[in-house]
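K.L.:
Have a peek at model.pdb (PDB, C-alpha atoms and all ligand atoms).
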MODEL        1
ATOM      1  CA  MET A   1     -14.448 -78.551 121.641
ATOM      2  CA  HIS A   2     -17.057 -80.562 119.851
ATOM      3  CA  SER A   3     -20.643 -80.054 120.734
ATOM      4  CA  PRO A   4     -22.333 -82.904 122.563
ATOM      5  CA  ARG A   5     -24.687 -83.257 119.597
ATOM      6  CA  ARG A   6     -21.967 -83.889 117.086
ATOM      7  CA  PRO A   7     -21.963 -87.587 116.307
ATOM      8  CA  LEU A   8     -18.807 -89.348 117.325
ATOM      9  CA  LEU A   9     -16.865 -90.869 114.459
ATOM     10  CA  LEU A  10     -15.957 -94.363 115.355
ATOM     11  CA  GLY A  11     -12.689 -95.698 114.112
ATOM     12  CA  ALA A  12      -9.046 -94.780 114.302
ATOM     13  CA  LEU A  13      -9.744 -91.168 113.347
ATOM     14  CA  ALA A  14     -11.783 -90.696 116.489
ATOM     15  CA  ALA A  15      -9.011 -91.738 118.799
ATOM     16  CA  PRO A  16      -7.327 -88.368 119.354
ATOM     17  CA  TRP A  17     -10.619 -86.865 120.481
ATOM     18  CA  LEU A  18     -11.122 -89.448 123.113
ATOM     19  CA  GLY A  19      -9.323 -89.908 126.358
ATOM     20  CA  GLY A  20      -9.974 -93.575 125.765
ATOM     21  CA  ARG A  21      -8.975 -95.679 122.814
ATOM     22  CA  ALA A  22     -11.249 -96.365 119.909
ATOM     23  CA  SER A  23     -11.087 -99.128 117.382
ATOM     24  CA  ALA A  24     -13.458 -99.619 114.485
ATOM     25  CA  GLN A  25     -16.279-100.814 116.726
ATOM     26  CA  THR A  26     -15.207-100.178 120.254
ATOM     27  CA  ILE A  27     -14.604 -97.189 122.460
ATOM     28  CA  THR A  28     -12.645 -98.053 125.601
ATOM     29  CA  LEU A  29     -12.876 -95.625 128.504
ATOM     30  CA  ARG A  30      -9.960 -95.611 130.951
ATOM     31  CA  SER A  31     -11.019 -95.508 134.584
ATOM     32  CA  ALA A  32      -8.723 -94.667 137.510
ATOM     33  CA  ASP A  33      -8.812 -95.858 141.109
ATOM     34  CA  THR A  34      -6.179 -95.672 143.846
ATOM     35  CA  HIS A  35      -7.513 -98.797 145.548
ATOM     36  CA  PRO A  36      -6.237-102.297 144.804
ATOM     37  CA  ASP A  37      -7.968-104.926 142.724
ATOM     38  CA  GLY A  38     -10.788-106.521 144.710
ATOM     39  CA  TYR A  39     -11.603-103.349 146.706
ATOM     40  CA  PRO A  40     -15.362-102.590 146.563
ATOM     41  CA  THR A  41     -14.961 -99.416 144.463
ATOM     42  CA  VAL A  42     -12.796-101.231 141.901
ATOM     43  CA  GLU A  43     -15.204-104.157 141.712
ATOM     44  CA  ALA A  44     -18.209-101.840 141.372
ATOM     45  CA  VAL A  45     -16.655-100.067 138.387
ATOM     46  CA  LYS A  46     -15.865-103.435 136.790
ATOM     47  CA  PHE A  47     -19.516-104.412 137.362
ATOM     48  CA  MET A  48     -20.555-101.186 135.630
ATOM     49  CA  GLY A  49     -18.138-101.938 132.781
ATOM     50  CA  ASN A  50     -19.684-105.358 132.224
ATOM     51  CA  LEU A  51     -23.164-103.875 132.024
ATOM     52  CA  VAL A  52     -21.957-101.205 129.614
ATOM     53  CA  GLU A  53     -20.275-103.707 127.352
ATOM     54  CA  GLN A  54     -23.306-106.010 127.270
ATOM     55  CA  ARG A  55     -25.829-103.258 126.687
ATOM     56  CA  SER A  56     -23.825-101.509 123.995
ATOM     57  CA  GLY A  57     -23.232-104.773 122.172
ATOM     58  CA  GLY A  58     -19.506-104.299 122.701
ATOM     59  CA  ARG A  59     -19.344-100.720 121.341
ATOM     60  CA  LEU A  60     -18.373 -99.299 124.726
ATOM     61  CA  LYS A  61     -15.951-100.774 127.264
ATOM     62  CA  VAL A  62     -14.458 -99.617 130.532
ATOM     63  CA  GLN A  63     -10.923-100.552 131.490
ATOM     64  CA  VAL A  64     -10.187-100.134 135.189
ATOM     65  CA  PHE A  65      -6.671 -99.073 136.207
ATOM     66  CA  HIS A  66      -6.589 -99.830 139.934
ATOM     67  CA  SER A  67      -3.792 -99.537 142.496
ATOM     68  CA  ARG A  68      -2.790 -95.983 141.504
ATOM     69  CA  GLN A  69      -1.566 -97.145 138.101
ATOM     70  CA  LEU A  70      -2.634 -93.764 136.718
ATOM     71  CA  GLY A  71      -1.506 -91.766 139.775
ATOM     72  CA  GLU A  72      -2.775 -90.328 143.040
ATOM     73  CA  GLU A  73      -6.256 -88.816 143.246
ATOM     74  CA  ARG A  74      -5.354 -85.162 142.961
ATOM     75  CA  GLU A  75      -3.315 -85.611 139.800
ATOM     76  CA  THR A  76      -5.724 -88.057 138.172
ATOM     77  CA  LEU A  77      -8.558 -85.590 138.827
ATOM     78  CA  GLU A  78      -6.677 -82.916 136.863
ATOM     79  CA  GLN A  79      -6.159 -85.385 134.035
ATOM     80  CA  THR A  80      -9.834 -86.289 134.145
ATOM     81  CA  ARG A  81     -10.850 -82.639 133.779
ATOM     82  CA  PHE A  82      -8.739 -82.462 130.651
ATOM     83  CA  GLY A  83     -10.011 -85.726 129.193
ATOM     84  CA  VAL A  84      -6.719 -87.628 129.507
ATOM     85  CA  ILE A  85      -8.478 -90.023 131.891
ATOM     86  CA  ASP A  86     -12.136 -90.730 131.075
ATOM     87  CA  ILE A  87     -13.538 -91.966 134.401
ATOM     88  CA  ASN A  88     -12.274 -91.590 137.943
ATOM     89  CA  ARG A  89     -13.391 -92.964 141.288
ATOM     90  CA  VAL A  90     -12.263 -90.626 144.037
ATOM     91  CA  ASN A  91     -13.232 -89.552 147.504
ATOM     92  CA  PHE A  92     -14.870 -86.131 147.918
ATOM     93  CA  GLY A  93     -11.752 -85.011 149.831
ATOM     94  CA  PRO A  94      -9.524 -84.079 146.878
ATOM     95  CA  LEU A  95     -12.493 -82.306 145.232
ATOM     96  CA  ASN A  96     -13.248 -80.127 148.273
ATOM     97  CA  ASN A  97     -11.169 -77.119 147.270
ATOM     98  CA  LEU A  98     -12.447 -77.089 143.680
ATOM     99  CA  VAL A  99     -16.112 -77.939 144.329
ATOM    100  CA  PRO A 100     -17.251 -76.370 147.641
ATOM    101  CA  GLU A 101     -20.441 -78.467 147.722
ATOM    102  CA  THR A 102     -18.355 -81.614 148.208
ATOM    103  CA  ALA A 103     -17.071 -80.373 151.570
ATOM    104  CA  ILE A 104     -20.574 -80.450 153.059
ATOM    105  CA  PRO A 105     -21.085 -84.262 153.290
ATOM    106  CA  GLY A 106     -17.567 -84.539 154.730
ATOM    107  CA  LEU A 107     -18.315 -82.158 157.616
ATOM    108  CA  PRO A 108     -17.815 -83.805 161.004
ATOM    109  CA  PHE A 109     -20.819 -85.785 162.214
ATOM    110  CA  VAL A 110     -23.189 -84.268 159.619
ATOM    111  CA  PHE A 111     -24.771 -87.702 159.033
ATOM    112  CA  ARG A 112     -26.334 -89.670 161.872
ATOM    113  CA  ASP A 113     -25.326 -93.004 160.421
ATOM    114  CA  GLU A 114     -24.640 -94.789 157.175
ATOM    115  CA  ALA A 115     -28.315 -95.295 156.340
ATOM    116  CA  HIS A 116     -28.866 -91.525 156.638
ATOM    117  CA  MET A 117     -25.864 -90.881 154.379
ATOM    118  CA  ARG A 118     -27.117 -93.314 151.725
ATOM    119  CA  ARG A 119     -30.604 -91.776 151.675
ATOM    120  CA  VAL A 120     -29.270 -88.247 151.384
ATOM    121  CA  MET A 121     -26.809 -89.052 148.608
ATOM    122  CA  ASP A 122     -29.524 -90.954 146.682
ATOM    123  CA  GLY A 123     -31.888 -87.968 146.746
ATOM    124  CA  PRO A 124     -32.016 -84.360 145.526
ATOM    125  CA  ILE A 125     -29.131 -83.259 147.762
ATOM    126  CA  GLY A 126     -26.879 -85.766 146.027
ATOM    127  CA  SER A 127     -28.007 -84.404 142.649
ATOM    128  CA  GLU A 128     -27.172 -80.843 143.685
ATOM    129  CA  ILE A 129     -23.679 -81.889 144.637
ATOM    130  CA  VAL A 130     -23.274 -83.562 141.256
ATOM    131  CA  SER A 131     -24.227 -80.304 139.527
ATOM    132  CA  GLY A 132     -21.436 -78.620 141.481
ATOM    133  CA  ALA A 133     -18.935 -81.090 140.014
ATOM    134  CA  ASP A 134     -20.459 -80.656 136.540
ATOM    135  CA  ARG A 135     -19.425 -76.999 136.523
ATOM    136  CA  HIS A 136     -15.776 -78.018 136.774
ATOM    137  CA  GLY A 137     -15.269 -80.353 133.857
ATOM    138  CA  PHE A 138     -16.745 -83.515 135.347
ATOM    139  CA  VAL A 139     -19.946 -85.477 134.853
ATOM    140  CA  GLY A 140     -20.978 -87.014 138.171
ATOM    141  CA  LEU A 141     -22.076 -90.597 137.493
ATOM    142  CA  CYS A 142     -22.855 -91.950 140.966
ATOM    143  CA  PHE A 143     -21.815 -91.998 144.607
ATOM    144  CA  TYR A 144     -20.243 -94.897 146.389
ATOM    145  CA  ASP A 145     -19.938 -95.549 150.111
ATOM    146  CA  SER A 146     -16.888 -94.796 152.115
ATOM    147  CA  GLY A 147     -18.305 -95.729 155.501
ATOM    148  CA  ALA A 148     -17.144 -93.670 158.450
ATOM    149  CA  ARG A 149     -13.602 -92.429 158.951
ATOM    150  CA  SER A 150     -11.903 -92.854 162.328
ATOM    151  CA  PHE A 151      -8.464 -92.012 163.707
ATOM    152  CA  TYR A 152      -5.643 -94.479 164.100
ATOM    153  CA  SER A 153      -2.346 -93.816 165.750
ATOM    154  CA  ARG A 154       1.037 -95.425 166.189
ATOM    155  CA  ARG A 155       1.450 -93.815 169.610
ATOM    156  CA  GLY A 156      -1.504 -95.052 171.613
ATOM    157  CA  PRO A 157      -5.290 -94.857 171.953
ATOM    158  CA  ILE A 158      -7.083 -91.599 171.149
ATOM    159  CA  ARG A 159     -10.104 -91.283 173.429
ATOM    160  CA  THR A 160     -10.831 -87.559 173.687
ATOM    161  CA  PRO A 161     -10.008 -84.496 171.578
ATOM    162  CA  ASP A 162      -7.297 -83.705 174.131
ATOM    163  CA  ASP A 163      -5.429 -86.814 173.008
ATOM    164  CA  MET A 164      -5.113 -85.198 169.568
ATOM    165  CA  ARG A 165      -3.223 -82.145 170.807
ATOM    166  CA  GLY A 166       0.115 -81.804 169.004
ATOM    167  CA  LEU A 167      -0.274 -85.101 167.080
ATOM    168  CA  LYS A 168       0.922 -85.039 163.481
ATOM    169  CA  VAL A 169      -2.025 -86.408 161.552
ATOM    170  CA  ARG A 170      -2.043 -87.319 157.858
ATOM    171  CA  VAL A 171      -5.067 -85.863 156.100
ATOM    172  CA  GLN A 172      -6.371 -85.815 152.547
ATOM    173  CA  GLN A 173      -5.269 -82.887 150.391
ATOM    174  CA  SER A 174      -8.155 -80.604 151.301
ATOM    175  CA  ASP A 175      -8.590 -77.406 153.343
ATOM    176  CA  LEU A 176     -11.566 -78.981 155.101
ATOM    177  CA  TRP A 177      -9.331 -81.691 156.497
ATOM    178  CA  VAL A 178      -6.674 -79.225 157.615
ATOM    179  CA  ALA A 179      -9.380 -77.251 159.443
ATOM    180  CA  ILE A 180     -10.780 -80.362 161.140
ATOM    181  CA  MET A 181      -7.340 -81.126 162.590
ATOM    182  CA  ARG A 182      -6.839 -77.532 163.677
ATOM    183  CA  ALA A 183     -10.134 -77.747 165.575
ATOM    184  CA  VAL A 184      -8.684 -80.514 167.748
ATOM    185  CA  ASN A 185      -5.246 -78.852 168.033
ATOM    186  CA  ALA A 186      -3.529 -81.498 165.924
ATOM    187  CA  ASN A 187      -0.998 -80.750 163.165
ATOM    188  CA  ALA A 188      -2.443 -81.653 159.792
ATOM    189  CA  THR A 189      -0.046 -83.168 157.268
ATOM    190  CA  PRO A 190      -1.751 -83.415 153.857
ATOM    191  CA  LEU A 191      -0.281 -86.354 151.934
ATOM    192  CA  PRO A 192      -1.344 -88.513 148.985
ATOM    193  CA  PHE A 193      -2.863 -91.811 150.029
ATOM    194  CA  GLY A 194       0.035 -93.896 148.718
ATOM    195  CA  GLU A 195       2.550 -92.154 150.985
ATOM    196  CA  VAL A 196       0.773 -92.787 154.258
ATOM    197  CA  TYR A 197       2.179 -96.217 155.083
ATOM    198  CA  SER A 198       5.791 -95.083 155.035
ATOM    199  CA  ALA A 199       4.928 -91.772 156.731
ATOM    200  CA  LEU A 200       3.447 -93.749 159.623
ATOM    201  CA  GLN A 201       6.268 -96.248 159.623
ATOM    202  CA  THR A 202       9.014 -93.626 159.761
ATOM    203  CA  GLY A 203       7.181 -91.329 162.170
ATOM    204  CA  VAL A 204       6.711 -88.482 159.657
ATOM    205  CA  VAL A 205       3.157 -88.634 160.997
ATOM    206  CA  ASP A 206       1.820 -90.089 164.250
ATOM    207  CA  ALA A 207      -1.682 -90.836 163.078
ATOM    208  CA  ALA A 208      -4.056 -90.957 160.131
ATOM    209  CA  GLU A 209      -7.769 -91.566 159.682
ATOM    210  CA  ASN A 210      -9.817 -93.787 157.444
ATOM    211  CA  ASN A 211     -12.578 -96.386 157.230
ATOM    212  CA  TRP A 212     -12.096-100.108 158.000
ATOM    213  CA  PRO A 213     -11.569-101.374 154.437
ATOM    214  CA  SER A 214      -8.872 -98.749 153.717
ATOM    215  CA  TYR A 215      -7.158 -99.254 157.077
ATOM    216  CA  HIS A 216      -7.002-102.914 156.144
ATOM    217  CA  SER A 217      -6.153-102.823 152.412
ATOM    218  CA  THR A 218      -3.288-100.348 152.925
ATOM    219  CA  ARG A 219      -1.987-102.419 155.852
ATOM    220  CA  HIS A 220      -1.742 -99.241 157.916
ATOM    221  CA  PHE A 221      -2.783-101.384 160.883
ATOM    222  CA  GLU A 222       0.721-102.872 160.846
ATOM    223  CA  VAL A 223       2.295 -99.506 161.621
ATOM    224  CA  ALA A 224      -0.501 -97.729 163.528
ATOM    225  CA  LYS A 225      -2.340-100.279 165.602
ATOM    226  CA  TYR A 226      -4.513 -98.099 167.854
ATOM    227  CA  TYR A 227      -7.815 -97.584 166.009
ATOM    228  CA  SER A 228     -10.212 -95.232 167.801
ATOM    229  CA  GLU A 229     -13.775 -95.321 166.540
ATOM    230  CA  THR A 230     -14.468 -91.601 166.316
ATOM    231  CA  GLU A 231     -16.421 -92.032 163.039
ATOM    232  CA  HIS A 232     -15.963 -88.292 162.629
ATOM    233  CA  SER A 233     -16.692 -88.049 158.883
ATOM    234  CA  MET A 234     -18.559 -89.961 156.188
ATOM    235  CA  SER A 235     -17.035 -88.135 153.219
ATOM    236  CA  PRO A 236     -18.440 -90.257 150.351
ATOM    237  CA  GLU A 237     -16.827 -91.485 147.152
ATOM    238  CA  ILE A 238     -17.869 -90.253 143.728
ATOM    239  CA  LEU A 239     -17.500 -91.755 140.272
ATOM    240  CA  VAL A 240     -16.949 -88.971 137.751
ATOM    241  CA  ALA A 241     -16.532 -89.001 134.014
ATOM    242  CA  SER A 242     -14.482 -86.421 132.209
ATOM    243  CA  LYS A 243     -16.937 -83.984 130.626
ATOM    244  CA  ARG A 244     -14.691 -83.862 127.564
ATOM    245  CA  SER A 245     -14.775 -87.627 127.106
ATOM    246  CA  PHE A 246     -18.459 -87.891 127.974
ATOM    247  CA  ASP A 247     -19.583 -85.175 125.553
ATOM    248  CA  ARG A 248     -17.902 -87.033 122.714
ATOM    249  CA  LEU A 249     -19.882 -90.205 123.252
ATOM    250  CA  PRO A 250     -22.994 -90.754 121.159
ATOM    251  CA  ARG A 251     -26.188 -90.091 123.110
ATOM    252  CA  ASP A 252     -27.159 -93.735 123.414
ATOM    253  CA  LEU A 253     -23.793 -94.649 124.916
ATOM    254  CA  GLN A 254     -24.026 -91.730 127.351
ATOM    255  CA  SER A 255     -27.320 -93.119 128.660
ATOM    256  CA  ILE A 256     -25.971 -96.645 128.842
ATOM    257  CA  LEU A 257     -23.029 -95.394 130.903
ATOM    258  CA  ARG A 258     -25.166 -93.274 133.232
ATOM    259  CA  ASP A 259     -27.659 -96.080 133.855
ATOM    260  CA  ALA A 260     -24.979 -98.702 134.451
ATOM    261  CA  ALA A 261     -23.224 -96.413 136.947
ATOM    262  CA  LYS A 262     -26.476 -95.973 138.908
ATOM    263  CA  GLU A 263     -26.994 -99.724 138.919
ATOM    264  CA  SER A 264     -23.485-100.357 140.210
ATOM    265  CA  VAL A 265     -24.334 -98.540 143.454
ATOM    266  CA  GLY A 266     -26.397-101.414 144.855
ATOM    267  CA  GLU A 267     -23.624-103.848 144.014
ATOM    268  CA  MET A 268     -21.050-101.579 145.649
ATOM    269  CA  ARG A 269     -23.080-101.325 148.856
ATOM    270  CA  LYS A 270     -23.343-105.090 149.129
ATOM    271  CA  LEU A 271     -19.603-105.450 148.640
ATOM    272  CA  TRP A 272     -18.936-102.568 151.012
ATOM    273  CA  ASP A 273     -20.940-103.976 153.897
ATOM    274  CA  ALA A 274     -19.278-107.368 153.565
ATOM    275  CA  GLN A 275     -15.790-105.856 153.234
ATOM    276  CA  THR A 276     -16.270-103.604 156.266
ATOM    277  CA  ALA A 277     -17.108-106.563 158.481
ATOM    278  CA  ALA A 278     -14.285-108.666 157.039
ATOM    279  CA  SER A 279     -11.709-105.883 157.398
ATOM    280  CA  ARG A 280     -12.723-105.115 160.944
ATOM    281  CA  ALA A 281     -12.111-108.742 161.880
ATOM    282  CA  ALA A 282      -8.919-109.063 159.826
ATOM    283  CA  VAL A 283      -7.144-106.050 161.317
ATOM    284  CA  GLN A 284      -7.889-107.216 164.826
ATOM    285  CA  ALA A 285      -6.532-110.647 163.978
ATOM    286  CA  GLY A 286      -3.483-108.744 162.688
ATOM    287  CA  GLY A 287      -2.925-107.019 166.025
ATOM    288  CA  ALA A 288      -4.970-103.801 165.774
ATOM    289  CA  GLN A 289      -6.642-102.635 168.953
ATOM    290  CA  ILE A 290     -10.046-100.923 168.877
ATOM    291  CA  ASN A 291     -10.552 -98.185 171.444
ATOM    292  CA  PRO A 292     -13.730 -96.575 172.739
ATOM    293  CA  VAL A 293     -13.974 -92.796 172.279
ATOM    294  CA  GLU A 294     -15.950 -89.837 173.598
ATOM    295  CA  LYS A 295     -17.746 -89.048 170.352
ATOM    296  CA  GLU A 296     -19.768 -86.154 171.747
ATOM    297  CA  ALA A 297     -16.587 -84.382 172.766
ATOM    298  CA  PHE A 298     -15.205 -84.762 169.223
ATOM    299  CA  ALA A 299     -18.430 -83.421 167.745
ATOM    300  CA  ARG A 300     -18.275 -80.357 170.010
ATOM    301  CA  ALA A 301     -14.604 -79.702 169.320
ATOM    302  CA  MET A 302     -15.011 -79.997 165.541
ATOM    303  CA  ALA A 303     -18.227 -77.939 165.277
ATOM    304  CA  PRO A 304     -16.446 -74.628 164.453
ATOM    305  CA  VAL A 305     -15.417 -75.898 160.990
ATOM    306  CA  TYR A 306     -19.050 -75.653 159.878
ATOM    307  CA  ALA A 307     -18.900 -71.851 159.758
ATOM    308  CA  GLN A 308     -15.830 -71.977 157.543
ATOM    309  CA  PHE A 309     -17.137 -74.446 154.948
ATOM    310  CA  ALA A 310     -20.903 -73.907 155.018
ATOM    311  CA  ARG A 311     -20.095 -70.300 154.252
ATOM    312  CA  ASP A 312     -23.065 -69.013 152.257
ATOM    313  CA  ASP A 313     -26.815 -69.468 152.376
ATOM    314  CA  ARG A 314     -26.862 -72.207 149.785
ATOM    315  CA  LEU A 315     -24.201 -74.304 151.537
ATOM    316  CA  ARG A 316     -25.785 -73.666 154.950
ATOM    317  CA  GLY A 317     -29.083 -74.746 153.394
ATOM    318  CA  LEU A 318     -27.494 -78.041 152.308
ATOM    319  CA  VAL A 319     -26.364 -78.665 155.886
ATOM    320  CA  SER A 320     -29.818 -78.063 157.326
ATOM    321  CA  ARG A 321     -31.501 -80.172 154.666
ATOM    322  CA  ILE A 322     -29.086 -83.041 155.373
ATOM    323  CA  ARG A 323     -29.789 -82.774 159.079
ATOM    324  CA  GLU A 324     -33.545 -82.636 158.573
ATOM    325  CA  ALA A 325     -33.612 -85.577 156.150
ATOM    326  CA  ALA A 326     -35.474 -88.524 157.581
TER     327      ALA A 326
HETATM  328  C1  LIG B 401     -10.184 -93.766 151.194
HETATM  329  C2  LIG B 401     -10.835 -93.346 149.898
HETATM  330  C3  LIG B 401      -9.775 -92.956 148.898
HETATM  331  C4  LIG B 401      -8.844 -91.917 149.480
HETATM  332  C5  LIG B 401      -8.318 -92.353 150.829
HETATM  333  C6  LIG B 401      -7.466 -91.258 151.462
HETATM  334  O1  LIG B 401     -11.172 -94.076 152.130
HETATM  335  O2  LIG B 401     -11.570 -94.410 149.376
HETATM  336  O3  LIG B 401     -10.398 -92.492 147.753
HETATM  337  O4  LIG B 401      -9.519 -90.717 149.613
HETATM  338  O5  LIG B 401      -9.372 -92.726 151.694
HETATM  339  O6  LIG B 401      -7.561 -91.078 152.665
HETATM  340  O7  LIG B 401      -6.702 -90.612 150.741
ENDMDL
END
Represent the supplied structure as structure tokens.
Ligand code: GTR
P.N.:
Amino acid sequence: MHSPRRPLLLGALAAPWLGGRASAQTITLRSADTHPDGYPTVEAVKFMGNLVEQRSGGRLKVQVFHSRQLGEERETLEQTRFGVIDINRVNFGPLNNLVPETAIPGLPFVFRDEAHMRRVMDGPIGSEIVSGADRHGFVGLCFYDSGARSFYSRRGPIRTPDDMRGLKVRVQQSDLWVAIMRAVNANATPLPFGEVYSALQTGVVDAAENNWPSYHSTRHFEVAKYYSETEHSMSPEILVASKRSFDRLPRDLQSILRDAAKESVGEMRKLWDAQTAASRAAVQAGGAQINPVEKEAFARAMAPVYAQFARDDRLRGLVSRIREAA
């Protein structure tokens, strides 16, 4: 490993050290995303890339590989830790088992609403969660929105936790998500994102859960048309750099990258809000049915998972500080 202080040699010789590709003047960082082109996370990283390129005078570029071109989140995260991929936009879900802090913002109903979530992630609690990721080979660059996740089923409306009993529900590959399903007596089926459409279509699972833009972009609404607005989790998205790739950048390029990532958050939120409204309308036009739910009953049923994931004083402290945040 090279120390962060060691100046990066630019040019062909530098290439093997970098996850990205370097030419005489340019370092290109490869960035992964499972979402398709045009999705707010993909567009926000492109926005960041443009800023980086301008501000570095073309010395640093970001190339976004969207639509799972580099793989599903769990595998791309491994590759990011080892510097094969330089930047990765993922949900907290696939980080939960590795970085326990990331389970806390995904806990059921921990945020009151999206504004509360944004304020918390922008403040010191967000920074603490980033330090958790930093201990595992990542450099947390910024958080993006993921709205609220709700259940959708191919079988019929879900109104109360009782409607979940015995349902096979696709979840992200995370123990937190398995526990949340157990709390409502459903059978959790952890699957990569890209396998959910066919799992719903063939009946391998009965239901899944996600926010409006993902429900729309994946076209899950075609095969699971009953969307029940439980809004049970606001597990955010994070943009991480590989610590290996990051440490090899010259200091000035590290700052340019960090600053541009922070500035992409405002852009992402604008795109997110517009996409959420558009997706909500589009899926209904496509035949999806929105059902009212008994949210309080879901919150009560899911409450026991807190003890399992906020399992020491520090993690319990994060929960109370989130709850107390204005
Ligand atoms: C989306 C999120 C993805 C992925 C997906 C999933 O909302 O943006 O990163 O986590 O959910 O459910 O796998």
K.L.:
In Å, rounded to a single decimal, give me how far atom O6 of ligand LIG 401 (chain B) is from atom CA of A:Thr28.
P.N.:
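Distance between the two atoms: 28.4 Å.
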K.L.:
Output the residue selection produced by the PyMOL selection byres (((not hetatm)) within 7 of (chain B and resi 401)) on the file above, formatted as a PyMOL selection string.
P.N.:
chain A and resi 34+90-91+93+146+171-172+192-193+210-211+214+237
K.L.:
May I have the residues from that selection written out with C-alpha atoms, as a PDB file, in the frame of the given file?
P.N.:
ATOM      1  CA  THR A  34      -6.179 -95.672 143.846  1.00  0.00           C
ATOM      2  CA  VAL A  90     -12.263 -90.626 144.037  1.00  0.00           C
ATOM      3  CA  ASN A  91     -13.232 -89.552 147.504  1.00  0.00           C
ATOM      4  CA  GLY A  93     -11.752 -85.011 149.831  1.00  0.00           C
ATOM      5  CA  SER A 146     -16.888 -94.796 152.115  1.00  0.00           C
ATOM      6  CA  VAL A 171      -5.067 -85.863 156.100  1.00  0.00           C
ATOM      7  CA  GLN A 172      -6.371 -85.815 152.547  1.00  0.00           C
ATOM      8  CA  PRO A 192      -1.344 -88.513 148.985  1.00  0.00           C
ATOM      9  CA  PHE A 193      -2.863 -91.811 150.029  1.00  0.00           C
ATOM     10  CA  ASN A 210      -9.817 -93.787 157.444  1.00  0.00           C
ATOM     11  CA  ASN A 211     -12.578 -96.386 157.230  1.00  0.00           C
ATOM     12  CA  SER A 214      -8.872 -98.749 153.717  1.00  0.00           C
ATOM     13  CA  GLU A 237     -16.827 -91.485 147.152  1.00  0.00           C
TER      14      GLU A 237
END
K.L.:
Can you measure atom CA of A:Val84 to atom CA of A:Phe65 for me? One decimal in Å is fine.
P.N.:
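If I compute the distance from atom CA of A:Val84 to atom CA of A:Phe65, I get 13.3 Å.
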K.L.:
When you draw a straight line from atom CA of A:Pro190 to atom CA of A:Gln173, how long is it in Å?
P.N.:
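Atom CA of A:Pro190 sits 5.0 Å away from atom CA of A:Gln173.
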K.L.:
Care to translate the PyMOL selection byres (((chain A and resi 178-188) around 7) and not hetatm) into actual residues of this file, as a count of residues only?
P.N.:
18
K.L.:
Using the chain letters and numbering of this document, enumerate as number ranges by chain the residues selected by the PyMOL selection byres (((chain A and resi 253) around 12) and not hetatm).
P.N.:
A: 7-8, 26-29, 51-62, 245-252, 254-260
K.L.:
Store the residues picked out above in a file with C-alpha atoms, as a tab-separated table (two decimals), in the frame of the given file.
P.N.:
chain	number	residue	atom	x	y	z
A	7	PRO	CA	-21.96	-87.59	116.31
A	8	LEU	CA	-18.81	-89.35	117.32
A	26	THR	CA	-15.21	-100.18	120.25
A	27	ILE	CA	-14.60	-97.19	122.46
A	28	THR	CA	-12.64	-98.05	125.60
A	29	LEU	CA	-12.88	-95.62	128.50
A	51	LEU	CA	-23.16	-103.88	132.02
A	52	VAL	CA	-21.96	-101.20	129.61
A	53	GLU	CA	-20.27	-103.71	127.35
A	54	GLN	CA	-23.31	-106.01	127.27
A	55	ARG	CA	-25.83	-103.26	126.69
A	56	SER	CA	-23.82	-101.51	124.00
A	57	GLY	CA	-23.23	-104.77	122.17
A	58	GLY	CA	-19.51	-104.30	122.70
A	59	ARG	CA	-19.34	-100.72	121.34
A	60	LEU	CA	-18.37	-99.30	124.73
A	61	LYS	CA	-15.95	-100.77	127.26
A	62	VAL	CA	-14.46	-99.62	130.53
A	245	SER	CA	-14.78	-87.63	127.11
A	246	PHE	CA	-18.46	-87.89	127.97
A	247	ASP	CA	-19.58	-85.18	125.55
A	248	ARG	CA	-17.90	-87.03	122.71
A	249	LEU	CA	-19.88	-90.20	123.25
A	250	PRO	CA	-22.99	-90.75	121.16
A	251	ARG	CA	-26.19	-90.09	123.11
A	252	ASP	CA	-27.16	-93.74	123.41
A	254	GLN	CA	-24.03	-91.73	127.35
A	255	SER	CA	-27.32	-93.12	128.66
A	256	ILE	CA	-25.97	-96.64	128.84
A	257	LEU	CA	-23.03	-95.39	130.90
A	258	ARG	CA	-25.17	-93.27	133.23
A	259	ASP	CA	-27.66	-96.08	133.85
A	260	ALA	CA	-24.98	-98.70	134.45
K.L.:
Identify which of the residues A:Thr202, A:Gln79, A:Asn291, A:Gln275 lies closest to A:Ser228, counting only C-alpha atoms when measuring atom-to-atom distances.
P.N.:
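Of all the options, A:Asn291 lies closest to A:Ser228.
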K.L.:
If you take all atoms listed in the file and a cut-off of 10 Å, which residues of stretch 32-96 of chain A touch stretch 215-227 of chain A, and what are their nearest atom pairs and distances in Å to one decimal, in chain and number order, as JSON lines?
P.N.:
{"residue": "A:His35", "atom": "CA", "partner": "A:Ser217", "partner_atom": "CA", "distance": 8.1}
{"residue": "A:Pro36", "atom": "CA", "partner": "A:Ser217", "partner_atom": "CA", "distance": 7.6}
{"residue": "A:Gly38", "atom": "CA", "partner": "A:Ser217", "partner_atom": "CA", "distance": 9.7}
{"residue": "A:Tyr39", "atom": "CA", "partner": "A:Ser217", "partner_atom": "CA", "distance": 7.9}
K.L.:
So, with only C-alpha atoms as the atoms that count, which of A:Asp312, A:Glu73, A:Glu324, A:Asp122 lies closest to A:Leu191?
P.N.:
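Under the stated criterion, the closest residue is A:Glu73.
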